[in-house]
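Structure, as structure tokens:
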Amino acid sequence: MKMKILAIETSCDETGCAIVENGKKVLGESLASSLALHKETGGIIPERAAREQVKFIIPVIKEALNQASLKISQVDALAVTVGPGLIGSLLVGIETAKTLAYIFSKPLIPVNHIIAHIYANWLNNDKILLPAICLVVSGGHTQLIFFKNHGDYYLIGETRDDAAGEAFDKTARILGLPYPGGPAIEKEAEKFLKKSSQKLNLFPRPLKGRGGFDFSFSGLKTAVINYIKKQKKIDKEFLAAQIQEAIVDSLVERTFNALKKFPAKTFLLAGGVAANKRLREKLYKKITEEKIKTKIIYPEIKHCTDNACFVGSFAFFNFKTVKIENIRANPNLTLVKRLV
Ligand code: KG4
Ligand code: ZN
């Protein structure tokens with residue numbers, strides 16, 4: 001039997017709806033974003049993001065259904081992100097999903113946004129073997145997860161301060177680059193990497209060589225500010241390349257530690273920062289050079305940042321319906337089980 005799930009994602013500044021069949025095939029997808037508004041302020045103002053969610057939610061649902069040539073009555077279930085995220089934004093998706101589930105008598109599956117990011121890897125891919133080690137790198141989270149099976153996830157390590165995406169966003173702001181900082185830094189860094197083979201070790205790699213699986217990125221901001229203070233003129237391309245390398249190297253080193261300690265059949269990358277090409281290249285190089293026998297899988301670039309397709313995939317593989325009245329937003333939803 002083919003199961004079609006209508007999924008809704010509104011945890012931050014993206015409003016997404018998708019119809020996903022059997023967790024893998026996207027029949028329709030629509031995404032609106034209030035990113036342009038946040039470019040004006042250099043970061044997200046939660047109240048503004050929530051108001052934009054209200055504007056976009058019905059149009060994106062209509063568009064996804066149109067693309068799939070389906071009516072809500074024809075889908076088998078609904079799914080919605082319940083956390084972590086911004087409370088105002090989450091509530092828009094959750095209340096819409098609850099109302100639709102009630103009116104159309106459909107099961108509703110609550111979705112954890114962090115774990116859902118990992119499911120971007122299952123879209124159009126049916127060759128994923130478990131267990132897997134996952135590196136989830138987004139604007140709010142940086143976590144290494146041991147993915148034993150669907151519904152059975154363990155935290156191996158996480159950031160002690162800023163998330164990797166946050167480090168990109170904050171340092172980009174210092175350089176006068178637009179929000180979101182990750183793609184902006186990547187673009188500048190690419191220009192530098194094309195013309196120079198200079199060593200990229202200007203900024204420190206915190207926790208390097210100490211073993212372990214945790215991350216720390218808050219010192220990078222200070223290091224960038226201190227460096228800039230001493231310069232008469234700054235070279236944005238050079239600094240972007242240095243910043244990107246410092247973040248990427250830390251991610252690669254800690255991931256490698258995890259792959260050595262917890263042998264897994266597959267390595268899965270996920271989250272907005274997973275779109276970064278330098279990260280993809282350096283992870284691939286390290287894992288293959290060190291002869292770690294782990295299959296490396298990366299999600300499609302367009303499904304790395306927030307969208308509803310991965311929410312629909314998560315819901316299929318974790319199909320546990322919860323009574324509508326018991327579904328609530330949980331801005332601080334976390335993984336409870338820590339492995340080490
Ligand atoms: O997963 P996501 O869309 O939202 C959260 O759940 O947080 O991640 C957004 C983050 C932002 O910090 C953004 O700067 C970063 O992902 N990002 C990137 C790239 N594209 C998005 N970071 C580095 N390189 C990229 N190409
Ligand atoms: Zn996200």
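Chain lettering (A, B, ...) mirrors the order of the structure tokens, residue numbering begins at 1 for each chain separately, and ligand numbering begins at 1 in order of display.
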
Item to check | Selection near region 92-96 of chain A, 9 Å with only C-alpha atoms, sequence-local residues under 2 positions removed, as an NGL selection string | outcome: :A and (8-11 or 15 or 50-51 or 53-54 or 57-58 or 80-82 or 87-90 or 98-101 or 110 or 327-329)

Distance table requested - chain A against ligand 1, cut-off 7 Å, only C-alpha atoms and all ligand atoms: one row per qualifying residue with the closest atom pair and its distance in Å to one decimal, ordered by chain and rising residue number, as a tab-separated table.
residue	atom	partner	partner_atom_place_in_ligand_line	distance
A:Val137	CA	ligand 1	1 (O)	6.9
A:Ser138	CA	ligand 1	8 (O)	3.9
A:Gly139	CA	ligand 1	7 (O)	3.2
A:Gly140	CA	ligand 1	7 (O)	4.6
A:His141	CA	ligand 1	7 (O)	6.7
A:Gly165	CA	ligand 1	12 (O)	3.3
A:Glu166	CA	ligand 1	12 (O)	4.9
A:Phe168	CA	ligand 1	14 (O)	5.6
A:Asp169	CA	ligand 1	14 (O)	5.2
A:Pro180	CA	ligand 1	14 (O)	4.3
A:Gly181	CA	ligand 1	14 (O)	4.4
A:Gly182	CA	ligand 1	22 (N)	3.2
A:Pro183	CA	ligand 1	26 (N)	4.0
A:Glu186	CA	ligand 1	24 (N)	5.6
A:Gly271	CA	ligand 1	1 (O)	4.1
A:Gly272	CA	ligand 1	8 (O)	3.4
A:Val273	CA	ligand 1	22 (N)	3.7
A:Ala274	CA	ligand 1	25 (C)	6.8
A:Ala275	CA	ligand 1	26 (N)	4.5
A:Asn276	CA	ligand 1	24 (N)	3.8
A:Lys277	CA	ligand 1	26 (N)	6.8
A:Cys304	CA	ligand 1	1 (O)	6.5
A:Thr305	CA	ligand 1	3 (O)	3.3
A:Asp306	CA	ligand 1	3 (O)	4.1

Which residues come within 10 Å of region 33-38 of chain A, counting only C-alpha atoms, excluding same-chain residues fewer than 2 positions away, as a PDB file with C-alpha atoms, in the first residue's frame?
ATOM      1  CA  THR A  10       6.845  26.093  10.362  1.00  0.00           C
ATOM      2  CA  CYS A  12      11.436  29.092  12.079  1.00  0.00           C
ATOM      3  CA  ASP A  13      11.285  31.412   9.052  1.00  0.00           C
ATOM      4  CA  GLU A  14      10.248  28.890   6.383  1.00  0.00           C
ATOM      5  CA  THR A  15       6.640  27.862   5.771  1.00  0.00           C
ATOM      6  CA  GLY A  16       6.581  24.487   4.068  1.00  0.00           C
ATOM      7  CA  LEU A  31       8.018  26.529   0.438  1.00  0.00           C
ATOM      8  CA  GLU A  40      16.843  43.873   6.577  1.00  0.00           C
ATOM      9  CA  THR A  41      17.415  43.214  10.278  1.00  0.00           C
ATOM     10  CA  GLY A  42      20.457  40.931   9.909  1.00  0.00           C
ATOM     11  CA  GLY A  43      18.713  38.139  11.828  1.00  0.00           C
ATOM     12  CA  ILE A  44      15.338  36.671  12.686  1.00  0.00           C
ATOM     13  CA  ILE A  45      12.868  38.622  14.810  1.00  0.00           C
ATOM     14  CA  PRO A  46      10.555  35.839  16.087  1.00  0.00           C
ATOM     15  CA  ARG A  48       7.870  38.981  12.487  1.00  0.00           C
ATOM     16  CA  ALA A  49       8.626  35.385  11.463  1.00  0.00           C
ATOM     17  CA  ALA A  50       5.382  34.176  13.118  1.00  0.00           C
ATOM     18  CA  ARG A  51       3.260  36.823  11.378  1.00  0.00           C
ATOM     19  CA  GLU A  52       4.712  35.780   8.018  1.00  0.00           C
ATOM     20  CA  GLN A  53       3.891  32.135   8.802  1.00  0.00           C
ATOM     21  CA  PHE A  56       1.901  31.848   3.948  1.00  0.00           C
ATOM     22  CA  PRO A 178      24.037  39.403   4.459  1.00  0.00           C
ATOM     23  CA  TYR A 179      21.879  36.986   6.477  1.00  0.00           C
ATOM     24  CA  PRO A 180      21.926  33.975   6.342  1.00  0.00           C
ATOM     25  CA  ASP A 306      14.162  23.737   6.324  1.00  0.00           C
TER      26      ASP A 306
END

Item to check | CA of Leu130 (chain A) to CA of Val322 (chain A), straight-line distance in Å | outcome: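 Value for the CA of Val322 (chain A)-CA of Leu130 (chain A) distance: 26.3 Å.
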
Next on the checklist: Calculated over only C-alpha atoms, which of the candidates A:Met1, A:Ile324, A:Ala264, A:Leu259 has the smallest distance to Lys286 (chain A)?
Outcome noted: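 Nearest to Lys286 (chain A): A:Leu259.
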
Next on the checklist: Here is a test: counting only C-alpha atoms and all ligand atoms, which residue of A:Ser313, A:Thr294, A:Thr142, A:Ser105 is nearest to ligand 2?
Outcome noted: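 The closest residue to ligand 2 is A:Thr142.
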
Next on the checklist: From the options A:Arg254, A:Lys106, A:Lys233, A:His117, which residue's atoms come nearest to Arg205 (chain A), counting only C-alpha atoms?
Outcome noted: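 Among the listed residues, the smallest separation from Arg205 (chain A) belongs to A:Arg254.
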
Next on the checklist: Show me, as a list of chain:residue names, the residues that have an atom within 6 Å of Leu27 (chain A) when counting only C-alpha atoms, minus same-chain residues fewer than 4 positions from it.
Outcome noted: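 Final neighbour list, sorted by chain and number: A:Ile19, A:Val20, A:Ala68.
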
Checklist entry - Which residue, A:Phe213, A:Tyr154, A:Phe314, A:Phe238, has the smallest gap to Ile185 (chain A) when you use only C-alpha atoms? => result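 Selected residue with least distance to Ile185 (chain A): A:Phe238.
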
Item to check | Residue contacts of His150 (chain A) (12 Å, only C-alpha atoms) excluding same-chain residues fewer than 5 positions away, as a VMD selection string | outcome: chain A and resid 115 to 116 118 to 119 122 128 to 132 313 to 320
